[in-house]
Amino acid sequence: MPLFYDNLETVFDHAGDMPVVFDHLAHESMAERHKMVVDHYEARKRQSDGKEPGDTIPYKPVEPETLYLTPDQVEAAALSSGLKIDFTPFDAPFVTGRSTIHAGVHRGRTFVEERTAKDTNVFDSVVKHISDERAAGKKVLVAAWSEGTRDRLVQVLSEHGLEKIELVEDLRTVKALARDKVTAGVLSLETGFNAGELVVVAEQDILGDRLIRHSKRRKRDRDFISEVAALNAGDIVVHVDHGIGRFIGLRTITAAGAPHDCLELHYAGDDRLFLPVENIELLSRFGSETSTAILDKLGGGAWQARKAKLKKRLLDIAGHLIRIAAERQMRGAPVLLPPEGLYGEFAARFPYDETEDQDRAIDAVIDDLSLGKPMDRLICGDVGFGKTEVALRAAFVAALNGVQVAVVVPTTLLSRQHFKTFTSRFQGLPVNVVQASRLVGSKELAENKKGIAEGQVDIAVGTHALLGQGIKFKNLGLLIIDEEQHFGVKHKERLKELKSDVHVLTLSATPIPRTLQLALTGVRELSLITTPPVDRMAVRTFVSPFDPLVIRETLLRERYRGGQSFYVCPRISDLNEIKEFLDAQVPELKVAVAHGQMAPGELDDIMNAFYDGQYDVLLSTTIVESGLDIPTANTLIIHRADMFGLSQLYQLRGRVGRSKQRAYALFTLPANKVLTQMADRRLKVLQSLDTLGAGFQLASHDMDIRGAGNLLGEEQSGHIREVGFELYQQMLEEAVAEIKGTGEVEDGHWSPQIAVGTAVMIPETYVPDLQLRLGLYRRLADLEELQDIDGFGAEMIDRFGPLPEEVQHLLKIVYIKALCRRANVEKVDAGPKGVVIQFRNKTFNNPAALVRMIGEQGSMAKIRPDQSVVFVRDWPTAEKRLNGAAVVMTQLAKLAEAS
């Protein structure tokens, strides 16, 4: 416990005669804590004496007794306070400084047997238990984790016969109620208890352990960069209609007599544009390289001319891409259908529940295999999210249809793991699985090659050895490429030769920019797996200078909780120095060393031993980067993280956190060295992507940092710089769609303007953080369905409290905007006497129905010479204008969609 420096008083000197209460584990924790403090001091002392190796942080330690009390001192001070109380678990007596007392509190009923019994309904048992306690004159509280689960439990219990359940806010309310009452409230308890006249039944007692799955917000794939790239003051941005400008910040201006949040943009010649926040989707970032950007002039024709010229060029590029894809589609491929019965049995061997996204990806792959055209699908899913299962299902369908499957992976270790996985899953089936990699002996490899050539091998798993000229497939039908970002140009050229008329399935957590761009433009098919397994937790990531004490503590903490650790170095030459460092710093741990230049047998033995838990730490190079699945390894330390690439760091971080345990990643940097700008940016991006399923976002950042590469060699160069990366990507996607279709594709780059004379903003007093407000505006701009907008409003209430009037108006404006897009309405101008509607390009999808509607309105509606429509109404207040405009736009949207 820290002391005050001025007079060395402790907290006990200020506690007076207040009772001191200890949890039943407090004494053990204090002893461990004191031991760790002393341990830290000794380590820091050695460091200050220059006895530590490496480039570490200079540190001057202070003696522990000047900062902390010992456990004995805490105990003595607590006793001198007059009343010391030790808490104990349920049903055990607790001891005070003077006597032993029993609290009279007992663990509540847990309903475990009722939950697992087939012939018993757990809710009936809960209702009976509560009724019995109630009849005994006790008060019963049903404790739920949230308001939503409380309301659901009340409803279900009522349906099972428990009536008159009162909702309460806190325990004081329960205490004030008469006996035999049943109440329900929000109280985060792991388990219920009985205390005198109070009986608490916890939600977890009834439903079992809580498995938390965060709500999924569906995003449009093409907007992924917009979603993850925050706008900062000074950024170069692109407005669809006005071109390249500079984002200055969020500004509240008065429009039609009411405050309105707008984004302030500056253009050439000190021109300014204020973009309403509800139209934020018209804005995109220019990209990471802004030094070459030249600001446009507002109202000038240069921007539109550049856009028109680029669109024509993109149509040519898209046509070439489509021709390449069409040639592939015309070749034909074997029709592969899942065998009835057997496929269901094979799927049932998967030991987990498939997630929604996983199911969709599997269905898409099975459909592709049955079409008789070569499949070319990219499965983009985060590390540990179940891409391998998609590959297993596809391989099963192919092998059972009599064609061969090649599974190509970048490393020997991943080849070894996949071979084991495939062998295990196909056990008992008439499928022959072999491996071709450096870990296979020369004699066995020769036999495998012969089996592949003669068609006796159904599935071959291997590294680039499978791509060698010495291996010939008799009847290759499916090629699975795992972690394609690791293959070089020569390997990919060889893959092109193999895959001209076979089905191709590519798996990647962080696809390279060119692959991702091909998928996003629609030339390749794309399936996203963004839903984490139900009990998966995100990896906690820390970036810090190299510190021996922190490393020691990190590795020991993982050891003490029964786990293992990875320690990754960028070069083989670093391994010996770090091995000596670990032997000196953490002699309690067993450390194994592994790298790619080891003899195959030795590497295999080390990996097997690490899998079996014989070592605490695996010190290695990046050979552990791809796909390894060791659930007991949940701590990762990376030496010289500044020397790794962004996707490399992300993949390495994915080696931990593959179980229910919380995982930790520590990225160390040299203590006295300034990072390069790119290395600093990579680490900041990685630290910010701390949520599950961030691999797709990381790939987008990588594409933003590195560029997308050339789709068609030098022909593409320069075009991205003209309009910025995001707008280029959208225009290319539209060009591909236009070439694929038979007619013109509608330009999606427009946003309705809505003026109602009401406050439209998220007040700073409601959400103080500017970046957070911008992110919320960005998300809102993409919402089009009423239920999504309502869900967004509910989320705002959960996060920030009741919605202010301005935010309620903003949500209504977003809904009106969505209706405008459906009705092709470009502008809505509502006032006290009605509303003026202007159609985009002066066209409406169902003109006859519109004329009929206006005729039915009589003098309350008319068409102006400029083709705009006026609806006369009495809307004196902003609320009436908002609701009235929503009603009118709903009618127009229905008419437009009925055409």
# chains A, B, ... in the order shown; residues from 1 in each chain; ligands from 1
>>> residues_around(residues="Val870 in chain A", least_positions_apart="4", cutoff="12 Å", atoms="only C-alpha atoms", output="PyMOL selection string")
chain A and resi 827-831+833-839+854+857-866+885+888
>>> select_by_dssp(residues="range 399-633 of chain A", states="strand (DSSP E or B)", output="PyMOL selection string")
chain A and resi 404-408+433-436+459-462+476-482+503-508+525-529+540-545+564-568+591-594+617-620+633
>>> write_last_selection(atoms="N, CA and C atoms", output="short mmCIF file (atom, residue, chain, number, x, y, z; two decimals), in the first residue's frame")
data_model
loop_
_atom_site.label_atom_id
_atom_site.label_comp_id
_atom_site.auth_asym_id
_atom_site.auth_seq_id
_atom_site.Cartn_x
_atom_site.Cartn_y
_atom_site.Cartn_z
N GLN A 404 -9.06 -34.71 -57.22
CA GLN A 404 -8.00 -34.50 -56.24
C GLN A 404 -8.03 -33.07 -55.69
N VAL A 405 -7.55 -32.94 -54.46
CA VAL A 405 -7.51 -31.64 -53.77
C VAL A 405 -6.07 -31.33 -53.41
N ALA A 406 -5.62 -30.11 -53.72
CA ALA A 406 -4.29 -29.65 -53.29
C ALA A 406 -4.48 -28.52 -52.29
N VAL A 407 -3.89 -28.66 -51.10
CA VAL A 407 -3.94 -27.63 -50.07
C VAL A 407 -2.54 -27.05 -49.95
N VAL A 408 -2.36 -25.81 -50.41
CA VAL A 408 -1.03 -25.20 -50.45
C VAL A 408 -0.91 -24.16 -49.34
N VAL A 433 -5.10 -39.00 -47.48
CA VAL A 433 -4.49 -37.68 -47.27
C VAL A 433 -2.99 -37.85 -47.09
N VAL A 434 -2.18 -37.08 -47.85
CA VAL A 434 -0.72 -37.15 -47.70
C VAL A 434 -0.17 -35.74 -47.53
N GLN A 435 1.11 -35.68 -47.14
CA GLN A 435 1.77 -34.40 -46.93
C GLN A 435 3.00 -34.29 -47.80
N ALA A 436 3.25 -33.10 -48.33
CA ALA A 436 4.46 -32.86 -49.12
C ALA A 436 5.12 -31.59 -48.61
N ILE A 459 -6.19 -36.12 -51.26
CA ILE A 459 -5.90 -34.77 -50.75
C ILE A 459 -4.42 -34.68 -50.45
N ALA A 460 -3.74 -33.69 -51.05
CA ALA A 460 -2.32 -33.46 -50.79
C ALA A 460 -2.16 -32.13 -50.09
N VAL A 461 -1.54 -32.16 -48.91
CA VAL A 461 -1.31 -30.94 -48.12
C VAL A 461 0.18 -30.66 -48.15
N GLY A 462 0.57 -29.44 -48.46
CA GLY A 462 2.00 -29.16 -48.49
C GLY A 462 2.33 -27.71 -48.70
N LEU A 476 -6.68 -33.03 -60.78
CA LEU A 476 -6.85 -31.98 -59.79
C LEU A 476 -8.17 -31.25 -60.03
N GLY A 477 -9.00 -31.18 -58.99
CA GLY A 477 -10.29 -30.51 -59.13
C GLY A 477 -10.47 -29.31 -58.24
N LEU A 478 -9.71 -29.27 -57.12
CA LEU A 478 -9.86 -28.16 -56.17
C LEU A 478 -8.49 -27.76 -55.63
N LEU A 479 -8.20 -26.48 -55.71
CA LEU A 479 -6.95 -25.94 -55.18
C LEU A 479 -7.31 -25.00 -54.02
N ILE A 480 -6.80 -25.31 -52.82
CA ILE A 480 -7.03 -24.47 -51.64
C ILE A 480 -5.71 -23.79 -51.29
N ILE A 481 -5.72 -22.45 -51.26
CA ILE A 481 -4.52 -21.69 -50.95
C ILE A 481 -4.74 -21.01 -49.60
N ASP A 482 -3.96 -21.38 -48.61
CA ASP A 482 -4.11 -20.79 -47.27
C ASP A 482 -3.03 -19.73 -47.07
N HIS A 503 -11.31 -25.52 -59.54
CA HIS A 503 -11.90 -24.65 -58.52
C HIS A 503 -10.80 -24.14 -57.59
N VAL A 504 -10.86 -22.86 -57.25
CA VAL A 504 -9.84 -22.27 -56.39
C VAL A 504 -10.51 -21.61 -55.18
N LEU A 505 -10.04 -21.98 -54.01
CA LEU A 505 -10.52 -21.39 -52.76
C LEU A 505 -9.32 -20.77 -52.05
N THR A 506 -9.36 -19.47 -51.83
CA THR A 506 -8.26 -18.75 -51.18
C THR A 506 -8.69 -18.33 -49.78
N LEU A 507 -7.85 -18.63 -48.80
CA LEU A 507 -8.15 -18.28 -47.41
C LEU A 507 -7.14 -17.24 -46.93
N SER A 508 -7.61 -16.20 -46.25
CA SER A 508 -6.67 -15.22 -45.72
C SER A 508 -7.33 -14.38 -44.64
N GLU A 525 -14.98 -13.60 -56.29
CA GLU A 525 -16.05 -13.68 -55.30
C GLU A 525 -15.44 -13.55 -53.89
N LEU A 526 -16.19 -12.93 -52.99
CA LEU A 526 -15.67 -12.66 -51.65
C LEU A 526 -16.68 -13.11 -50.60
N SER A 527 -16.20 -13.85 -49.60
CA SER A 527 -17.01 -14.19 -48.42
C SER A 527 -16.28 -13.70 -47.18
N LEU A 528 -16.99 -13.00 -46.32
CA LEU A 528 -16.40 -12.48 -45.10
C LEU A 528 -16.88 -13.29 -43.90
N ILE A 529 -15.94 -13.68 -43.04
CA ILE A 529 -16.29 -14.30 -41.76
C ILE A 529 -15.87 -13.32 -40.68
N ARG A 540 -5.43 -8.47 -25.70
CA ARG A 540 -4.98 -7.18 -25.19
C ARG A 540 -3.56 -6.92 -25.71
N THR A 541 -3.36 -5.76 -26.33
CA THR A 541 -2.10 -5.47 -27.00
C THR A 541 -1.39 -4.30 -26.32
N PHE A 542 -0.08 -4.46 -26.07
CA PHE A 542 0.72 -3.41 -25.43
C PHE A 542 1.98 -3.19 -26.26
N VAL A 543 2.34 -1.93 -26.47
CA VAL A 543 3.58 -1.57 -27.16
C VAL A 543 4.43 -0.80 -26.16
N SER A 544 5.67 -1.28 -25.92
CA SER A 544 6.51 -0.59 -24.93
C SER A 544 7.98 -0.83 -25.24
N PRO A 545 8.86 0.03 -24.73
CA PRO A 545 10.30 -0.22 -24.88
C PRO A 545 10.69 -1.52 -24.19
N GLN A 564 1.10 -21.24 -21.86
CA GLN A 564 2.40 -21.18 -22.53
C GLN A 564 2.53 -19.85 -23.28
N SER A 565 3.76 -19.55 -23.70
CA SER A 565 4.02 -18.26 -24.33
C SER A 565 4.84 -18.44 -25.61
N PHE A 566 4.64 -17.51 -26.56
CA PHE A 566 5.50 -17.39 -27.74
C PHE A 566 6.40 -16.18 -27.54
N TYR A 567 7.68 -16.32 -27.91
CA TYR A 567 8.60 -15.17 -27.93
C TYR A 567 9.19 -15.16 -29.33
N VAL A 568 8.85 -14.14 -30.11
CA VAL A 568 9.20 -14.13 -31.54
C VAL A 568 10.24 -13.06 -31.83
N VAL A 591 12.56 -23.17 -21.94
CA VAL A 591 12.47 -22.44 -23.21
C VAL A 591 12.95 -23.33 -24.34
N ALA A 592 12.11 -23.44 -25.40
CA ALA A 592 12.50 -24.19 -26.61
C ALA A 592 12.78 -23.19 -27.72
N VAL A 593 13.74 -23.52 -28.57
CA VAL A 593 14.10 -22.63 -29.69
C VAL A 593 13.74 -23.32 -31.00
N ALA A 594 13.08 -22.56 -31.91
CA ALA A 594 12.69 -23.13 -33.20
C ALA A 594 12.88 -22.09 -34.29
N VAL A 617 7.90 -21.77 -22.92
CA VAL A 617 8.08 -20.69 -23.89
C VAL A 617 8.65 -21.27 -25.18
N LEU A 618 8.09 -20.85 -26.31
CA LEU A 618 8.66 -21.20 -27.62
C LEU A 618 9.31 -19.95 -28.17
N LEU A 619 10.64 -19.95 -28.20
CA LEU A 619 11.41 -18.84 -28.75
C LEU A 619 11.66 -19.15 -30.22
N SER A 620 11.15 -18.32 -31.12
CA SER A 620 11.21 -18.68 -32.54
C SER A 620 11.29 -17.45 -33.42
N ALA A 633 -1.48 -21.62 -25.53
CA ALA A 633 -0.52 -20.51 -25.65
C ALA A 633 -1.31 -19.21 -25.73
#
>>> residues_around(residues="Ile630 in chain A", least_positions_apart="3", cutoff="9 Å", atoms="only C-alpha atoms", output="list in words")
Tyr611, Ala633, Asn634, Arg655, Val656, Arg658 and Ser659 of chain A
>>> closest_residue(among="A:Asp17, A:Glu197, A:Asp261, A:Glu133", to="Leu770 in chain A", atoms="only C-alpha atoms")
A:Asp261
>>> residues_around(residues="Val397 in chain A", least_positions_apart="2", cutoff="7 Å", atoms="only C-alpha atoms", output="VMD selection string")
chain A and resid 336 to 338 393 to 395 399 to 401
>>> write_last_selection(atoms="N, CA and C atoms", output="compact mmCIF listing (two decimals), in the first residue's frame")
# COMPACT_ATOMS: atom_id res chain seq x y z
N LEU A 336 -19.35 -30.50 -58.75
CA LEU A 336 -19.11 -31.23 -57.50
C LEU A 336 -20.30 -31.01 -56.56
N LEU A 337 -21.00 -32.09 -56.25
CA LEU A 337 -22.17 -32.01 -55.38
C LEU A 337 -21.91 -32.76 -54.08
N PRO A 338 -22.36 -32.21 -52.94
CA PRO A 338 -22.14 -32.91 -51.66
C PRO A 338 -22.94 -34.20 -51.60
N ARG A 393 -14.81 -28.61 -45.58
CA ARG A 393 -16.09 -28.98 -46.22
C ARG A 393 -15.92 -29.04 -47.74
N ALA A 394 -15.20 -28.04 -48.30
CA ALA A 394 -14.98 -28.03 -49.74
C ALA A 394 -14.16 -29.24 -50.18
N ALA A 395 -13.10 -29.54 -49.39
CA ALA A 395 -12.25 -30.69 -49.72
C ALA A 395 -13.05 -31.99 -49.64
N ALA A 399 -13.28 -34.46 -52.79
CA ALA A 399 -12.69 -35.81 -52.69
C ALA A 399 -13.75 -36.89 -52.90
N LEU A 400 -14.96 -36.67 -52.36
CA LEU A 400 -16.02 -37.67 -52.49
C LEU A 400 -16.62 -37.68 -53.90
N ASN A 401 -16.28 -36.66 -54.70
CA ASN A 401 -16.70 -36.64 -56.10
C ASN A 401 -15.61 -37.16 -57.03
>>> closest_residue(among="A:Thr388, A:Thr632, A:Thr621, A:Gln155", to="Ile362 in chain A", atoms="only C-alpha atoms")
A:Thr388
>>> atom_distance(atom1="CA of Thr758 in chain A", atom2="CA of Trp875 in chain A")
12.3 Å
>>> residues_around(residues="range 137-150 of chain A", least_positions_apart="4", cutoff="8 Å", atoms="only C-alpha atoms", output="list in words")
Ile130, Glu133, Val154, Val174, Ala178, Arg179, Asp180, Lys181, Val182, Thr183, Ala184, Gly185, Val186, Leu187, Ser188, Leu189, Gly192, Glu197, Leu198, Val199, Val200, Val201, Ala202 and Glu203 of chain A
>>> write_last_selection(atoms="C-alpha atoms", output="PDB file, in the first residue's frame")
ATOM      1  CA  ILE A 130     -39.883 -18.992  -5.855  1.00  0.00           C
ATOM      2  CA  GLU A 133     -40.021 -19.301  -0.705  1.00  0.00           C
ATOM      3  CA  VAL A 154     -40.057 -11.590 -16.137  1.00  0.00           C
ATOM      4  CA  VAL A 174     -36.764  -4.634  -1.794  1.00  0.00           C
ATOM      5  CA  ALA A 178     -43.804  -6.282   2.582  1.00  0.00           C
ATOM      6  CA  ARG A 179     -42.956  -9.969   2.929  1.00  0.00           C
ATOM      7  CA  ASP A 180     -43.911 -12.626   0.296  1.00  0.00           C
ATOM      8  CA  LYS A 181     -43.152 -10.188  -2.551  1.00  0.00           C
ATOM      9  CA  VAL A 182     -41.425 -11.272  -5.798  1.00  0.00           C
ATOM     10  CA  THR A 183     -39.246  -8.606  -7.418  1.00  0.00           C
ATOM     11  CA  ALA A 184     -36.880  -8.362 -10.366  1.00  0.00           C
ATOM     12  CA  GLY A 185     -33.990  -5.980 -10.844  1.00  0.00           C
ATOM     13  CA  VAL A 186     -30.618  -5.427 -12.500  1.00  0.00           C
ATOM     14  CA  LEU A 187     -27.852  -6.780 -10.228  1.00  0.00           C
ATOM     15  CA  SER A 188     -24.666  -8.308 -11.637  1.00  0.00           C
ATOM     16  CA  LEU A 189     -24.282 -11.464  -9.555  1.00  0.00           C
ATOM     17  CA  GLY A 192     -27.756 -16.171  -5.921  1.00  0.00           C
ATOM     18  CA  GLU A 197     -35.844 -13.100   4.837  1.00  0.00           C
ATOM     19  CA  LEU A 198     -34.247 -12.277   1.452  1.00  0.00           C
ATOM     20  CA  VAL A 199     -33.827 -14.883  -1.296  1.00  0.00           C
ATOM     21  CA  VAL A 200     -31.852 -13.823  -4.402  1.00  0.00           C
ATOM     22  CA  VAL A 201     -32.131 -15.947  -7.581  1.00  0.00           C
ATOM     23  CA  ALA A 202     -29.502 -14.900 -10.136  1.00  0.00           C
ATOM     24  CA  GLU A 203     -29.975 -15.039 -13.897  1.00  0.00           C
TER      25      GLU A 203
END
>>> residues_around(residues="Met598 in chain A", least_positions_apart="5", cutoff="12 Å", atoms="only C-alpha atoms", output="PyMOL selection string")
chain A and resi 412+438-439+572+593+603-607+620-621+623
>>> write_last_selection(atoms="C-alpha atoms", output="mmCIF file, in the first residue's frame")
data_model
loop_
_atom_site.group_PDB
_atom_site.id
_atom_site.type_symbol
_atom_site.label_atom_id
_atom_site.label_comp_id
_atom_site.auth_asym_id
_atom_site.auth_seq_id
_atom_site.Cartn_x
_atom_site.Cartn_y
_atom_site.Cartn_z
ATOM 1 C CA THR A 412 6.195 -26.348 -42.951
ATOM 2 C CA ARG A 438 10.375 -30.464 -45.787
ATOM 3 C CA LEU A 439 9.138 -32.411 -42.756
ATOM 4 C CA ILE A 572 17.682 -16.088 -36.482
ATOM 5 C CA VAL A 593 14.100 -22.630 -29.694
ATOM 6 C CA LEU A 603 11.900 -28.988 -35.616
ATOM 7 C CA ASP A 604 9.135 -31.579 -35.562
ATOM 8 C CA ASP A 605 10.288 -32.915 -32.180
ATOM 9 C CA ILE A 606 10.395 -29.422 -30.662
ATOM 10 C CA MET A 607 6.933 -28.535 -31.941
ATOM 11 C CA SER A 620 11.214 -18.681 -32.538
ATOM 12 C CA THR A 621 11.349 -16.662 -35.707
ATOM 13 C CA ILE A 623 7.754 -19.569 -38.687
#
>>> residues_around(residues="range 807-814 of chain A", least_positions_apart="2", cutoff="9 Å", atoms="only C-alpha atoms", output="PDB file with N, CA and C atoms, in the first residue's frame")
ATOM      1  N   GLU A 278     -25.417  14.838 -42.106  1.00  0.00           N
ATOM      2  CA  GLU A 278     -26.197  13.715 -42.635  1.00  0.00           C
ATOM      3  C   GLU A 278     -25.797  13.354 -44.058  1.00  0.00           C
ATOM      4  N   ILE A 754     -31.844  17.867 -47.093  1.00  0.00           N
ATOM      5  CA  ILE A 754     -33.088  17.979 -46.328  1.00  0.00           C
ATOM      6  C   ILE A 754     -33.004  19.200 -45.425  1.00  0.00           C
ATOM      7  N   VAL A 756     -35.382  21.299 -42.787  1.00  0.00           N
ATOM      8  CA  VAL A 756     -36.644  21.286 -42.051  1.00  0.00           C
ATOM      9  C   VAL A 756     -36.692  22.414 -41.015  1.00  0.00           C
ATOM     10  N   THR A 758     -34.794  22.663 -38.195  1.00  0.00           N
ATOM     11  CA  THR A 758     -34.720  22.117 -36.838  1.00  0.00           C
ATOM     12  C   THR A 758     -33.272  21.796 -36.503  1.00  0.00           C
ATOM     13  N   ALA A 759     -32.969  21.736 -35.230  1.00  0.00           N
ATOM     14  CA  ALA A 759     -31.603  21.420 -34.801  1.00  0.00           C
ATOM     15  C   ALA A 759     -31.261  19.988 -35.185  1.00  0.00           C
ATOM     16  N   VAL A 760     -30.147  19.795 -35.941  1.00  0.00           N
ATOM     17  CA  VAL A 760     -29.714  18.471 -36.384  1.00  0.00           C
ATOM     18  C   VAL A 760     -28.258  18.307 -35.980  1.00  0.00           C
ATOM     19  N   MET A 761     -28.005  17.581 -34.895  1.00  0.00           N
ATOM     20  CA  MET A 761     -26.638  17.457 -34.408  1.00  0.00           C
ATOM     21  C   MET A 761     -26.593  16.473 -33.250  1.00  0.00           C
ATOM     22  N   ILE A 762     -25.382  16.024 -32.926  1.00  0.00           N
ATOM     23  CA  ILE A 762     -25.132  15.309 -31.678  1.00  0.00           C
ATOM     24  C   ILE A 762     -24.411  16.305 -30.787  1.00  0.00           C
ATOM     25  N   PRO A 763     -25.083  16.854 -29.774  1.00  0.00           N
ATOM     26  CA  PRO A 763     -24.462  17.926 -28.972  1.00  0.00           C
ATOM     27  C   PRO A 763     -23.160  17.474 -28.319  1.00  0.00           C
ATOM     28  N   LEU A 780     -24.167   6.580 -39.131  1.00  0.00           N
ATOM     29  CA  LEU A 780     -25.548   6.968 -39.396  1.00  0.00           C
ATOM     30  C   LEU A 780     -25.795   7.167 -40.881  1.00  0.00           C
ATOM     31  N   ALA A 781     -24.805   7.711 -41.584  1.00  0.00           N
ATOM     32  CA  ALA A 781     -24.987   8.021 -43.007  1.00  0.00           C
ATOM     33  C   ALA A 781     -25.259   6.769 -43.836  1.00  0.00           C
ATOM     34  N   LEU A 783     -27.080   4.109 -42.768  1.00  0.00           N
ATOM     35  CA  LEU A 783     -28.292   3.400 -42.352  1.00  0.00           C
ATOM     36  C   LEU A 783     -29.455   3.759 -43.277  1.00  0.00           C
ATOM     37  N   GLU A 784     -30.195   2.734 -43.700  1.00  0.00           N
ATOM     38  CA  GLU A 784     -31.308   2.964 -44.617  1.00  0.00           C
ATOM     39  C   GLU A 784     -32.611   2.334 -44.152  1.00  0.00           C
ATOM     40  N   ILE A 789     -32.046   2.165 -37.907  1.00  0.00           N
ATOM     41  CA  ILE A 789     -31.983   3.496 -37.302  1.00  0.00           C
ATOM     42  C   ILE A 789     -32.476   3.432 -35.851  1.00  0.00           C
ATOM     43  N   ASP A 790     -33.559   2.678 -35.623  1.00  0.00           N
ATOM     44  CA  ASP A 790     -34.057   2.501 -34.252  1.00  0.00           C
ATOM     45  C   ASP A 790     -33.011   1.803 -33.384  1.00  0.00           C
ATOM     46  N   PHE A 792     -29.795   1.895 -33.814  1.00  0.00           N
ATOM     47  CA  PHE A 792     -28.735   2.864 -33.551  1.00  0.00           C
ATOM     48  C   PHE A 792     -29.141   3.783 -32.402  1.00  0.00           C
ATOM     49  N   GLY A 793     -30.413   4.222 -32.398  1.00  0.00           N
ATOM     50  CA  GLY A 793     -30.912   5.065 -31.321  1.00  0.00           C
ATOM     51  C   GLY A 793     -30.849   4.350 -29.977  1.00  0.00           C
ATOM     52  N   LEU A 803     -31.828  10.251 -25.279  1.00  0.00           N
ATOM     53  CA  LEU A 803     -31.514  11.035 -26.468  1.00  0.00           C
ATOM     54  C   LEU A 803     -31.977  12.482 -26.305  1.00  0.00           C
ATOM     55  N   PRO A 804     -31.082  13.463 -26.517  1.00  0.00           N
ATOM     56  CA  PRO A 804     -31.534  14.857 -26.573  1.00  0.00           C
ATOM     57  C   PRO A 804     -32.423  15.071 -27.799  1.00  0.00           C
ATOM     58  N   GLU A 805     -33.170  16.160 -27.789  1.00  0.00           N
ATOM     59  CA  GLU A 805     -34.097  16.448 -28.897  1.00  0.00           C
ATOM     60  C   GLU A 805     -33.346  16.552 -30.224  1.00  0.00           C
ATOM     61  N   ILE A 816     -35.762  10.110 -43.191  1.00  0.00           N
ATOM     62  CA  ILE A 816     -36.323  10.831 -44.342  1.00  0.00           C
ATOM     63  C   ILE A 816     -35.347  10.739 -45.519  1.00  0.00           C
ATOM     64  N   LYS A 817     -34.041  10.843 -45.225  1.00  0.00           N
ATOM     65  CA  LYS A 817     -33.024  10.754 -46.283  1.00  0.00           C
ATOM     66  C   LYS A 817     -33.070   9.392 -46.980  1.00  0.00           C
ATOM     67  N   ALA A 818     -33.234   8.319 -46.204  1.00  0.00           N
ATOM     68  CA  ALA A 818     -33.336   6.978 -46.790  1.00  0.00           C
ATOM     69  C   ALA A 818     -34.570   6.877 -47.686  1.00  0.00           C
ATOM     70  N   LEU A 819     -35.679   7.461 -47.255  1.00  0.00           N
ATOM     71  CA  LEU A 819     -36.901   7.466 -48.084  1.00  0.00           C
ATOM     72  C   LEU A 819     -36.666   8.250 -49.368  1.00  0.00           C
ATOM     73  N   ALA A 878     -41.244  22.444 -35.483  1.00  0.00           N
ATOM     74  CA  ALA A 878     -40.239  21.567 -36.105  1.00  0.00           C
ATOM     75  C   ALA A 878     -40.673  20.109 -36.028  1.00  0.00           C
ATOM     76  N   GLU A 879     -41.274  19.720 -34.899  1.00  0.00           N
ATOM     77  CA  GLU A 879     -41.711  18.333 -34.722  1.00  0.00           C
ATOM     78  C   GLU A 879     -42.724  17.949 -35.782  1.00  0.00           C
ATOM     79  N   LEU A 882     -41.025  17.617 -39.223  1.00  0.00           N
ATOM     80  CA  LEU A 882     -40.294  16.344 -39.336  1.00  0.00           C
ATOM     81  C   LEU A 882     -41.250  15.187 -39.591  1.00  0.00           C
ATOM     82  N   ASN A 883     -42.286  15.081 -38.760  1.00  0.00           N
ATOM     83  CA  ASN A 883     -43.230  13.966 -38.901  1.00  0.00           C
ATOM     84  C   ASN A 883     -43.996  14.055 -40.216  1.00  0.00           C
ATOM     85  N   ALA A 886     -41.802  13.084 -43.143  1.00  0.00           N
ATOM     86  CA  ALA A 886     -41.625  11.629 -43.154  1.00  0.00           C
ATOM     87  C   ALA A 886     -42.844  10.942 -43.762  1.00  0.00           C
TER      88      ALA A 886
END
>>> atom_distance(atom1="CA of Ala538 in chain A", atom2="CA of Val409 in chain A")
25.7 Å
